[in-house]
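Peer 1: Handing over query18.tsv, TSV, C-alpha atoms and all ligand atoms.
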```
chain	number	residue	atom	x	y	z
A	224	MET	CA	0.00	0.00	0.00
A	225	GLY	CA	2.84	2.40	0.91
A	226	ASN	CA	3.98	2.85	-2.69
A	227	LEU	CA	0.53	2.95	-4.22
A	228	LEU	CA	-0.82	6.25	-5.36
A	229	LEU	CA	-4.53	6.95	-4.93
A	230	LYS	CA	-6.24	7.20	-8.32
A	231	ASP	CA	-8.30	10.24	-7.39
A	232	LYS	CA	-7.32	13.19	-5.29
A	233	VAL	CA	-8.62	13.16	-1.72
A	234	PHE	CA	-9.81	16.62	-0.83
A	235	VAL	CA	-9.82	18.04	2.67
A	236	THR	CA	-13.61	18.07	2.68
A	237	GLN	CA	-16.62	17.24	0.56
A	238	PRO	CA	-19.92	19.10	0.78
A	239	VAL	CA	-22.90	17.46	2.46
A	240	LEU	CA	-25.62	17.36	-0.19
A	241	PRO	CA	-29.24	16.18	0.00
A	242	GLU	CA	-30.76	13.79	-2.55
A	243	LEU	CA	-31.33	15.65	-5.82
A	244	SER	CA	-34.89	14.24	-6.04
A	245	ASP	CA	-35.74	15.76	-2.63
A	246	PHE	CA	-34.28	19.08	-3.70
A	247	ASN	CA	-36.29	18.96	-6.93
A	248	LYS	CA	-39.53	18.69	-4.91
A	249	TYR	CA	-38.58	21.84	-3.00
A	250	LEU	CA	-37.62	23.60	-6.22
A	251	GLN	CA	-41.02	22.79	-7.71
A	252	GLU	CA	-42.72	24.33	-4.67
A	253	ILE	CA	-40.57	27.45	-4.93
A	254	TRP	CA	-41.22	27.76	-8.68
A	255	GLN	CA	-44.95	27.45	-8.07
A	256	SER	CA	-44.99	30.00	-5.27
A	257	LYS	CA	-42.84	32.44	-7.27
A	258	TRP	CA	-41.49	33.68	-3.93
A	259	LEU	CA	-37.71	33.47	-4.36
A	260	THR	CA	-36.30	35.61	-1.58
A	261	ASN	CA	-37.19	38.23	1.08
A	262	MET	CA	-38.11	36.10	4.08
A	263	GLY	CA	-40.21	33.48	2.27
A	264	SER	CA	-41.72	30.36	3.82
A	265	LYS	CA	-38.63	28.13	3.45
A	266	HIS	CA	-36.49	30.85	5.00
A	267	ASN	CA	-38.84	31.24	7.95
A	268	GLU	CA	-39.15	27.50	8.44
A	269	LEU	CA	-35.37	27.12	8.51
A	270	GLU	CA	-34.97	29.98	10.98
A	271	ASN	CA	-37.49	28.30	13.28
A	272	GLU	CA	-35.94	24.84	13.02
A	273	LEU	CA	-32.48	26.22	13.75
A	274	LYS	CA	-33.69	27.63	17.07
A	275	SER	CA	-34.21	24.13	18.43
A	276	VAL	CA	-31.14	22.62	16.73
A	277	LEU	CA	-28.85	25.33	18.10
A	278	LYS	CA	-30.77	25.64	21.40
A	279	VAL	CA	-31.11	29.42	21.20
A	280	PRO	CA	-34.12	31.72	21.51
A	281	TYR	CA	-33.36	33.87	18.44
A	282	VAL	CA	-31.92	33.05	15.02
A	283	SER	CA	-31.53	35.41	12.06
A	284	LEU	CA	-30.52	33.83	8.77
A	285	PHE	CA	-28.00	35.52	6.45
A	286	ASN	CA	-26.70	35.06	2.91
A	287	ASN	CA	-23.23	34.23	4.24
A	288	GLY	CA	-21.33	34.14	7.51
A	289	THR	CA	-19.24	37.20	6.72
A	290	ILE	CA	-22.24	39.50	6.19
A	291	ALA	CA	-23.74	37.99	9.35
A	292	LEU	CA	-20.61	38.81	11.36
A	293	LEU	CA	-20.42	42.28	9.84
A	294	THR	CA	-24.02	42.83	10.91
A	295	ALA	CA	-23.47	41.40	14.40
A	296	ILE	CA	-20.73	43.92	15.08
A	297	LYS	CA	-22.82	46.73	13.59
A	298	ALA	CA	-25.86	45.78	15.66
A	299	LEU	CA	-24.00	46.35	18.92
A	300	ASP	CA	-23.37	50.06	18.16
A	301	LEU	CA	-19.74	50.03	19.26
A	302	PRO	CA	-18.11	53.48	19.32
A	303	TYR	CA	-16.50	54.30	15.97
A	304	GLY	CA	-12.72	53.78	16.09
A	305	SER	CA	-12.85	51.75	19.31
A	306	GLU	CA	-10.70	48.67	19.86
A	307	VAL	CA	-11.89	45.08	19.55
A	308	ILE	CA	-9.77	42.31	21.03
A	309	THR	CA	-9.68	39.25	18.80
A	310	THR	CA	-7.57	36.31	17.69
A	311	PRO	CA	-5.24	36.17	14.68
A	312	PHE	CA	-5.72	32.39	14.47
A	313	THR	CA	-8.82	32.51	12.32
A	314	PHE	CA	-10.14	33.02	8.81
A	315	ALA	CA	-9.68	36.44	7.18
A	316	ALA	CA	-13.36	37.31	7.64
A	317	THR	CA	-13.04	37.73	11.41
A	318	PRO	CA	-10.67	40.73	11.61
A	319	HIS	CA	-11.88	42.12	8.26
A	320	CYS	CA	-15.43	42.47	9.65
A	321	ILE	CA	-14.05	44.44	12.60
A	322	VAL	CA	-12.21	46.84	10.27
A	323	TRP	CA	-15.19	47.17	7.89
A	324	ASN	CA	-17.12	48.45	10.91
A	325	GLY	CA	-14.58	51.24	11.44
A	326	LEU	CA	-13.06	49.50	14.48
A	327	LYS	CA	-9.50	48.49	15.30
A	328	PRO	CA	-8.65	44.83	15.81
A	329	VAL	CA	-6.26	44.21	18.70
A	330	PHE	CA	-4.76	40.76	18.30
A	331	CYS	CA	-4.46	38.49	21.34
A	332	ASP	CA	-2.45	35.28	21.56
A	333	VAL	CA	-4.18	31.88	21.71
A	334	GLU	CA	-4.15	28.90	24.07
A	335	PRO	CA	-1.81	26.10	22.98
A	336	ASP	CA	-4.40	23.33	23.45
A	337	THR	CA	-7.64	24.73	22.07
A	338	MET	CA	-5.99	27.34	19.82
A	339	THR	CA	-8.77	29.76	20.82
A	340	ILE	CA	-8.17	33.28	22.17
A	341	ASN	CA	-6.23	33.13	25.44
A	342	ALA	CA	-8.65	34.58	27.99
A	343	ASP	CA	-5.80	35.07	30.49
A	344	LYS	CA	-4.08	37.44	28.07
A	345	ILE	CA	-7.15	39.51	27.19
A	346	GLU	CA	-7.12	41.76	30.27
A	347	SER	CA	-3.65	43.15	29.61
A	348	LEU	CA	-4.85	44.34	26.17
A	349	ILE	CA	-7.85	46.27	27.50
A	350	THR	CA	-7.56	50.06	27.26
A	351	PRO	CA	-10.14	52.84	27.75
A	352	LYS	CA	-10.84	52.47	24.01
A	353	THR	CA	-11.74	48.77	24.14
A	354	SER	CA	-15.39	48.12	23.30
A	355	ALA	CA	-15.66	44.40	22.52
A	356	ILE	CA	-14.11	40.96	22.31
A	357	VAL	CA	-14.52	38.75	19.22
A	358	GLY	CA	-13.63	35.13	20.01
A	359	VAL	CA	-13.51	32.29	17.49
A	360	HIS	CA	-14.42	28.70	18.37
A	361	VAL	CA	-11.65	27.37	16.12
A	362	TYR	CA	-12.24	23.83	14.76
A	363	GLY	CA	-15.25	23.75	17.10
A	364	PHE	CA	-13.09	24.06	20.25
A	365	PRO	CA	-15.02	26.52	22.42
A	366	CYS	CA	-13.34	29.66	23.71
A	367	ASP	CA	-13.17	29.96	27.49
A	368	VAL	CA	-16.68	31.44	27.50
A	369	GLU	CA	-16.92	31.73	31.30
A	370	LYS	CA	-13.70	33.68	31.71
A	371	ILE	CA	-14.50	35.89	28.74
A	372	ASP	CA	-17.96	36.56	30.16
A	373	LYS	CA	-16.45	37.64	33.50
A	374	ILE	CA	-13.95	39.96	31.84
A	375	ALA	CA	-16.68	41.46	29.64
A	376	LYS	CA	-18.88	42.13	32.67
A	377	ASN	CA	-15.99	43.69	34.64
A	378	TYR	CA	-15.03	46.05	31.83
A	379	ASN	CA	-18.46	46.55	30.26
A	380	LEU	CA	-17.46	45.02	26.93
A	381	LYS	CA	-19.63	43.34	24.31
A	382	VAL	CA	-18.81	39.77	23.28
A	383	ILE	CA	-19.26	38.33	19.81
A	384	TYR	CA	-18.38	34.76	18.90
A	385	ASP	CA	-17.46	33.46	15.48
A	386	ALA	CA	-18.81	29.89	15.56
A	387	ALA	CA	-18.25	29.22	11.85
A	388	HIS	CA	-16.67	25.87	12.83
A	389	ALA	CA	-18.99	24.93	15.66
A	390	PHE	CA	-22.41	24.04	14.29
A	391	SER	CA	-24.42	22.14	16.94
A	392	THR	CA	-21.57	22.23	19.47
A	393	GLU	CA	-22.80	22.23	23.06
A	394	ILE	CA	-21.08	23.06	26.34
A	395	ASP	CA	-22.66	21.17	29.25
A	396	GLY	CA	-25.75	20.70	27.10
A	397	LYS	CA	-26.05	24.41	26.31
A	398	GLY	CA	-25.94	25.52	22.67
A	399	ILE	CA	-22.69	27.32	21.87
A	400	GLY	CA	-24.69	30.09	20.20
A	401	ALA	CA	-26.20	31.00	23.56
A	402	PHE	CA	-22.96	32.53	24.89
A	403	GLY	CA	-21.89	36.15	24.49
A	404	ASP	CA	-24.05	38.92	23.04
A	405	ILE	CA	-24.21	37.52	19.51
A	406	THR	CA	-22.82	34.40	17.80
A	407	MET	CA	-22.25	33.89	14.09
A	408	PHE	CA	-22.47	30.55	12.29
A	409	SER	CA	-21.35	30.02	8.68
A	410	PHE	CA	-23.30	27.71	6.39
A	411	HIS	CA	-20.72	27.80	3.60
A	412	ALA	CA	-20.50	24.73	1.34
A	413	THR	CA	-17.43	23.49	3.27
A	414	LYS	CA	-19.24	23.54	6.62
A	415	LEU	CA	-20.81	20.48	8.25
A	416	PHE	CA	-24.24	22.08	7.89
A	417	ASN	CA	-24.42	24.09	4.67
A	418	THR	CA	-26.84	26.11	2.57
A	419	ILE	CA	-24.14	26.41	-0.18
A	420	GLU	CA	-23.57	30.01	0.92
A	421	GLY	CA	-25.26	31.20	4.08
A	422	GLY	CA	-25.01	31.79	7.77
A	423	CYS	CA	-26.90	33.02	10.80
A	424	LEU	CA	-26.71	35.05	13.97
A	425	THR	CA	-27.96	33.76	17.30
A	426	TYR	CA	-28.61	35.83	20.44
A	427	ASN	CA	-30.61	35.91	23.66
A	428	ASN	CA	-31.60	39.58	23.80
A	429	PRO	CA	-35.09	40.19	22.33
A	430	GLU	CA	-34.13	43.81	21.65
A	431	LEU	CA	-31.73	42.64	18.97
A	432	VAL	CA	-34.47	40.97	16.88
A	433	LYS	CA	-35.70	44.18	15.27
A	434	LYS	CA	-32.22	45.68	15.00
A	435	VAL	CA	-30.75	42.65	13.22
A	436	TYR	CA	-33.84	42.32	10.99
A	437	ASN	CA	-33.47	45.92	9.88
A	438	LEU	CA	-29.74	45.76	9.30
A	439	ARG	CA	-30.18	42.62	7.20
A	440	ASN	CA	-32.80	44.24	4.96
A	441	PHE	CA	-31.52	47.76	4.10
A	442	GLY	CA	-33.21	49.07	7.25
A	443	ILE	CA	-36.55	48.70	5.48
A	444	ARG	CA	-39.36	48.15	7.96
A	445	SER	CA	-42.35	48.57	5.70
A	446	GLU	CA	-43.16	49.94	2.25
A	447	GLU	CA	-42.72	53.55	3.29
A	448	LEU	CA	-40.53	53.26	6.38
A	449	VAL	CA	-36.73	52.92	6.35
A	450	GLU	CA	-35.50	52.93	9.93
A	451	ASP	CA	-31.82	52.09	9.75
A	452	ILE	CA	-28.73	52.02	7.50
A	453	GLY	CA	-28.93	48.34	6.62
A	454	ILE	CA	-27.30	46.08	4.09
A	455	ASN	CA	-28.60	43.17	1.99
A	456	GLY	CA	-27.97	40.07	4.10
A	457	LYS	CA	-31.03	38.02	3.12
A	458	LEU	CA	-30.90	34.28	2.48
A	459	ASP	CA	-32.99	33.22	-0.53
A	460	GLU	CA	-35.57	30.43	-0.75
A	461	ILE	CA	-33.42	28.05	-2.78
A	462	ARG	CA	-30.56	28.08	-0.30
A	463	SER	CA	-33.06	27.89	2.58
A	464	ALA	CA	-34.46	24.74	0.95
A	465	VAL	CA	-30.96	23.23	0.82
A	466	GLY	CA	-30.70	24.07	4.52
A	467	LEU	CA	-34.02	22.39	5.39
A	468	LEU	CA	-32.91	19.23	3.61
A	469	ASN	CA	-29.40	19.26	5.06
A	470	LEU	CA	-30.83	19.62	8.56
A	471	LYS	CA	-32.26	16.12	8.07
A	472	ILE	CA	-28.89	14.59	7.20
A	473	TYR	CA	-26.16	16.46	9.05
A	474	LYS	CA	-26.38	14.12	12.09
A	475	GLU	CA	-25.78	11.09	9.89
A	476	GLU	CA	-22.73	12.89	8.47
A	477	GLN	CA	-21.56	13.56	12.05
A	478	ARG	CA	-21.89	9.87	12.92
A	479	LYS	CA	-19.76	8.94	9.91
A	480	ARG	CA	-17.17	11.55	10.82
A	481	GLU	CA	-17.12	10.26	14.40
A	482	LYS	CA	-16.06	6.86	13.03
A	483	ILE	CA	-13.43	8.51	10.83
A	484	ARG	CA	-12.14	10.41	13.83
A	485	GLU	CA	-11.87	7.12	15.76
A	486	PHE	CA	-9.96	5.55	12.87
A	487	TYR	CA	-7.51	8.47	12.67
A	488	ASN	CA	-7.15	8.57	16.47
A	489	SER	CA	-6.39	4.86	16.75
A	490	ARG	CA	-3.60	5.10	14.17
A	491	LEU	CA	-2.19	8.58	14.62
A	492	SER	CA	-2.15	8.73	18.43
A	493	LYS	CA	0.67	6.13	18.21
A	494	VAL	CA	2.83	8.29	15.96
A	495	ILE	CA	5.63	10.01	17.87
A	496	GLY	CA	5.50	13.76	17.29
A	497	ILE	CA	1.84	13.92	16.28
A	498	ARG	CA	-0.49	15.57	18.80
A	499	ILE	CA	-4.24	15.30	18.37
A	500	PRO	CA	-6.04	18.19	20.10
A	501	GLN	CA	-8.78	16.81	22.35
A	502	MET	CA	-12.26	18.21	22.87
A	503	PRO	CA	-13.00	18.82	26.59
A	504	ASP	CA	-15.33	16.17	28.15
A	505	ASN	CA	-18.20	18.62	28.64
A	506	VAL	CA	-18.20	19.70	24.98
A	507	THR	CA	-19.83	17.93	22.02
A	508	ASN	CA	-17.78	17.78	18.85
A	509	SER	CA	-19.21	19.39	15.73
A	510	TYR	CA	-16.91	17.20	13.59
A	511	GLN	CA	-16.04	20.07	11.30
A	512	TYR	CA	-12.28	19.47	11.08
A	513	TYR	CA	-9.63	16.95	12.06
A	514	PRO	CA	-6.55	19.00	12.98
A	515	ILE	CA	-3.24	17.45	14.01
A	516	VAL	CA	-0.26	19.29	15.52
A	517	ILE	CA	3.26	18.41	14.31
A	518	GLU	CA	5.61	18.53	17.30
A	519	ASP	CA	9.42	18.85	17.29
A	520	ASP	CA	10.00	15.10	17.68
A	521	TYR	CA	8.17	14.30	14.42
A	522	PRO	CA	10.82	13.54	11.75
A	523	ILE	CA	9.74	16.23	9.26
A	524	SER	CA	8.13	19.66	9.45
A	525	ARG	CA	4.44	20.43	8.90
A	526	ASN	CA	5.23	21.90	5.49
A	527	GLU	CA	7.19	18.83	4.47
A	528	LEU	CA	4.33	16.59	5.60
A	529	TYR	CA	1.87	18.75	3.65
A	530	ASP	CA	4.02	18.39	0.50
A	531	ARG	CA	4.53	14.69	1.03
A	532	LEU	CA	0.79	14.05	1.36
A	533	LYS	CA	0.10	16.25	-1.66
A	534	GLN	CA	2.50	14.18	-3.75
A	535	ARG	CA	0.33	11.22	-2.78
A	536	ASN	CA	-2.85	12.99	-3.95
A	537	ILE	CA	-3.95	13.77	-0.39
A	538	LEU	CA	-4.89	17.40	-0.06
A	539	THR	CA	-4.65	18.78	3.47
A	540	ARG	CA	-4.99	22.37	4.70
A	541	LYS	CA	-2.51	24.49	6.68
A	542	TYR	CA	-5.46	26.00	8.50
A	543	PHE	CA	-4.70	28.82	9.69
A	544	TYR	CA	-1.46	29.64	7.98
A	545	PRO	CA	-0.69	32.45	7.53
A	546	ALA	CA	-2.13	33.95	10.72
A	547	CYS	CA	-4.13	37.14	10.19
A	548	THR	CA	-1.26	39.11	11.72
A	549	ASP	CA	0.91	37.98	8.78
A	550	TYR	CA	-1.45	39.49	6.20
A	551	GLU	CA	-0.15	42.47	4.21
A	552	CYS	CA	-3.05	44.55	5.54
A	553	TYR	CA	-2.29	43.93	9.24
A	554	LYS	CA	1.39	43.05	9.63
A	555	ASN	CA	2.74	46.60	9.47
A	556	ASP	CA	0.58	47.90	12.31
A	557	LEU	CA	2.87	48.89	15.17
A	558	ALA	CA	0.66	47.15	17.74
A	559	VAL	CA	0.88	43.94	15.71
A	560	LYS	CA	4.67	44.22	15.51
A	561	LEU	CA	4.89	44.66	19.29
A	562	ALA	CA	2.23	42.09	20.23
A	563	ASP	CA	3.10	38.94	22.17
A	564	LEU	CA	1.84	36.29	19.74
A	565	SER	CA	4.33	33.55	20.56
A	566	VAL	CA	1.81	30.70	20.65
A	567	VAL	CA	0.08	31.75	17.41
A	568	ASN	CA	3.41	32.14	15.65
A	569	ASP	CA	4.40	28.65	16.73
A	570	ILE	CA	1.11	26.81	16.19
A	571	LYS	CA	0.49	28.29	12.72
A	572	ASN	CA	3.55	26.33	11.54
A	573	ARG	CA	2.45	23.09	13.18
A	574	VAL	CA	-1.23	22.58	12.45
A	575	LEU	CA	-2.49	20.48	9.58
A	576	CYS	CA	-6.13	19.62	8.87
A	577	LEU	CA	-6.51	16.15	7.41
A	578	PRO	CA	-9.27	15.12	4.97
A	579	PHE	CA	-12.46	14.81	7.01
A	580	TYR	CA	-15.84	13.92	5.54
A	581	GLY	CA	-18.27	11.05	5.81
A	582	ALA	CA	-17.70	9.57	2.34
A	583	LEU	CA	-14.00	8.82	3.02
A	584	GLN	CA	-13.37	5.11	2.47
A	585	GLU	CA	-11.36	2.90	4.78
A	586	ASN	CA	-8.64	2.32	2.14
A	587	GLU	CA	-8.29	6.08	1.74
A	588	LEU	CA	-8.09	6.58	5.50
A	589	ALA	CA	-5.47	3.84	5.81
A	590	TYR	CA	-3.51	5.42	2.97
A	591	ILE	CA	-3.63	8.86	4.60
A	592	CYS	CA	-2.51	7.39	7.94
A	593	GLU	CA	0.38	5.58	6.25
A	594	GLY	CA	1.47	8.86	4.72
A	595	VAL	CA	1.67	10.36	8.22
A	596	GLU	CA	3.15	7.26	9.87
A	597	ASN	CA	5.95	6.70	7.38
A	598	ALA	CA	7.08	10.30	7.17
A	599	CYS	CA	10.69	9.51	6.28
A	600	GLN	CA	10.11	6.95	3.55
B	1	LIG	C1	-13.64	31.14	11.29
B	1	LIG	C2	-14.43	31.64	10.12
B	1	LIG	N1	-15.07	32.82	10.22
B	1	LIG	C3	-15.80	33.31	9.20
B	1	LIG	C4	-15.95	32.63	8.03
B	1	LIG	C5	-16.72	33.24	6.91
B	1	LIG	O1	-17.92	32.56	6.64
B	1	LIG	P1	-18.56	32.64	5.17
B	1	LIG	O2	-17.68	31.91	4.24
B	1	LIG	O3	-19.91	31.96	5.36
B	1	LIG	O4	-18.73	34.07	4.80
B	1	LIG	C6	-15.30	31.38	7.88
B	1	LIG	C7	-15.35	30.58	6.68
B	1	LIG	O5	-15.87	30.26	5.84
B	1	LIG	C8	-14.52	30.89	8.95
B	1	LIG	O6	-13.87	29.72	8.84
```
Starting from the coordinates I provided, produce the structure as structure tokens.
Ligand SMILES: Cc1ncc(COP(=O)(O)O)c(C=O)c1O

Peer 2:
Amino acid sequence: MGNLLLKDKVFVTQPVLPELSDFNKYLQEIWQSKWLTNMGSKHNELENELKSVLKVPYVSLFNNGTIALLTAIKALDLPYGSEVITTPFTFAATPHCIVWNGLKPVFCDVEPDTMTINADKIESLITPKTSAIVGVHVYGFPCDVEKIDKIAKNYNLKVIYDAAHAFSTEIDGKGIGAFGDITMFSFHATKLFNTIEGGCLTYNNPELVKKVYNLRNFGIRSEELVEDIGINGKLDEIRSAVGLLNLKIYKEEQRKREKIREFYNSRLSKVIGIRIPQMPDNVTNSYQYYPIVIEDDYPISRNELYDRLKQRNILTRKYFYPACTDYECYKNDLAVKLADLSVVNDIKNRVLCLPFYGALQENELAYICEGVENACQ
């Protein structure tokens, strides 16, 4: 097996798709109704169903996670030019949404185990200009929500979570979207639960319902009333239909990924120099990614392992390399140059996300594991 090359490329993920015949039925309904977007029946049904899936009182659907996050920050009316403490170990959308709101991202280091924002380092970054914290539940590992909540209360800060990787994750049985002021989920095609493009905001405060609704729909309240300076964040009926169908199958996909995780764990936990980050016992895994960390005692570097697997038609992701603080648009900021980001700058060179989706076959999994096990051959 070691010298065999897989015939087809193995990608890092594969979208979860409903049966085409089921989708066709929904399409026929939409065609008949002629209601394609603007909070139609499929949209409203999906919003309602997500409340119970995510265990939150309020859900607002969006056309993608980035517009949702942009709107979440806007909805909290943070003072223009104020500082928002966030993590550089995330996707570009997180800090970009802060800047698009006229705010300044202040980058905080992460925890070595969960790779989420290090709550113990947040306080030293707080200044009189700080208005909010944006945490990211990277790979579905929850931020230290309790500590962050305490800090926010002490300093009167708002808290927004980017839960793009954490669909259906629960902490002690509580939906992850119930923490902080607002949480964003992405329903991009690569996410466990997808609407092709899409996303949502979740929150507990009933006062945000109207605000978020307005911001998502140009501020238009009724035919002759525009109340706010909103944007177009609406999710259409066709994508909502994909969401309704994918809600029926995402758990099955999770079960398959759980088995794949077990397979990887049983093989890779024996490999010297490979660390597999573990979900805390009180947290349910979303099964969005399978990250491994390449330690110093592994024979080759993360980049060499990435190349080696690629040569074998296995496509992995150096997620998140580069860190946001390495981007051209952020790296020259003096605060970024002076920031203590030692853990981020180490972990970004060590993490590798392996292929992770339900349709992976056992021979493919074995082949991937061999590629990691026999790093020097
Ligand atoms: C951590 C994180 N935040 C935000 C986003 C943006 O979401 P979307 O692609 O739905 O706009 C993504 C990725 O897709 C992400 O991984």

Peer 1: Between A:Gly422, A:Gly325, A:Gly453, A:Gly263, which residue has the minimum interatomic distance to Lys434 of chain A, considering all atoms listed in the file?

Peer 2: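 Going through A:Gly422, A:Gly325, A:Gly453, A:Gly263 one by one, the smallest distance to Lys434 of chain A is for A:Gly453.
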
Peer 1: Quick one: pull the distance between atom CA of Arg531 of chain A and atom CA of Ile497 of chain A, Å, one decimal.

Peer 2: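 For atom CA of Arg531 of chain A relative to atom CA of Ile497 of chain A, the distance reads 15.5 Å.
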
Peer 1: Identify, counting all atoms listed in the file, the protein, DNA and RNA residues located within 8 Å of ligand LIG 1 (chain B), and give them as a PyMOL selection string.

Peer 2: chain A and resi 286-292+313-317+359-361+385-388+408-411+413-414+420-422

Peer 1: Considering only C-alpha atoms, return as JSON, numbers by chain whatever protein or nucleic-acid residues lie within 9 Å of segment 237-254 of chain A, sequence-local ones (same chain, fewer than 2 positions apart) excluded.

Peer 2: {"A": [234, 235, 256, 257, 258, 259, 265, 412, 413, 414, 415, 416, 417, 419, 460, 461, 464, 465, 468, 469, 471, 472, 473, 476, 578, 579, 580, 581, 582]}

Peer 1: Smallest atom-to-atom distance to Thr507 of chain A: which of A:Asn428, A:Gln477, A:Ser565, A:Asn379, using only C-alpha atoms?

Peer 2: A:Gln477

Peer 1: Is there a way to complete segment 457-475 of chain A with N, CA and C atoms and then write that out as a compact mmCIF listing (two decimals), in the coordinates of the input?

Peer 2:
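Listing of rebuild-v3.txt after writing:
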```
# COMPACT_ATOMS: atom_id res chain seq x y z
N LYS A 457 -29.93 39.01 3.12
CA LYS A 457 -31.03 38.02 3.12
C LYS A 457 -30.63 36.69 2.48
N LEU A 458 -31.10 35.62 3.07
CA LEU A 458 -30.90 34.28 2.48
C LEU A 458 -32.12 33.95 1.62
N ASP A 459 -31.88 33.47 0.39
CA ASP A 459 -32.99 33.22 -0.53
C ASP A 459 -33.65 31.86 -0.26
N GLU A 460 -34.76 31.64 -0.97
CA GLU A 460 -35.57 30.43 -0.75
C GLU A 460 -34.86 29.15 -1.19
N ILE A 461 -34.06 29.27 -2.26
CA ILE A 461 -33.42 28.05 -2.78
C ILE A 461 -32.35 27.55 -1.80
N ARG A 462 -31.58 28.47 -1.29
CA ARG A 462 -30.56 28.08 -0.30
C ARG A 462 -31.23 27.66 1.02
N SER A 463 -32.33 28.30 1.36
CA SER A 463 -33.06 27.89 2.58
C SER A 463 -33.55 26.46 2.42
N ALA A 464 -33.99 26.11 1.20
CA ALA A 464 -34.46 24.74 0.95
C ALA A 464 -33.31 23.74 1.12
N VAL A 465 -32.13 24.11 0.62
CA VAL A 465 -30.96 23.23 0.82
C VAL A 465 -30.73 23.05 2.33
N GLY A 466 -30.88 24.13 3.07
CA GLY A 466 -30.70 24.07 4.52
C GLY A 466 -31.71 23.14 5.18
N LEU A 467 -32.99 23.25 4.79
CA LEU A 467 -34.02 22.39 5.39
C LEU A 467 -33.70 20.92 5.14
N LEU A 468 -33.23 20.62 3.93
CA LEU A 468 -32.91 19.23 3.61
C LEU A 468 -31.64 18.78 4.32
N ASN A 469 -30.65 19.65 4.39
CA ASN A 469 -29.40 19.26 5.06
C ASN A 469 -29.57 19.12 6.57
N LEU A 470 -30.57 19.80 7.12
CA LEU A 470 -30.83 19.62 8.56
C LEU A 470 -31.23 18.18 8.86
N LYS A 471 -31.82 17.52 7.86
CA LYS A 471 -32.26 16.12 8.07
C LYS A 471 -31.08 15.15 7.99
N ILE A 472 -29.96 15.57 7.42
CA ILE A 472 -28.89 14.59 7.20
C ILE A 472 -27.56 14.92 7.88
N TYR A 473 -27.47 16.11 8.52
CA TYR A 473 -26.16 16.46 9.05
C TYR A 473 -25.73 15.54 10.21
N LYS A 474 -26.74 15.00 10.95
CA LYS A 474 -26.38 14.12 12.09
C LYS A 474 -25.78 12.81 11.59
N GLU A 475 -26.32 12.31 10.49
CA GLU A 475 -25.78 11.09 9.89
C GLU A 475 -24.32 11.35 9.46
```
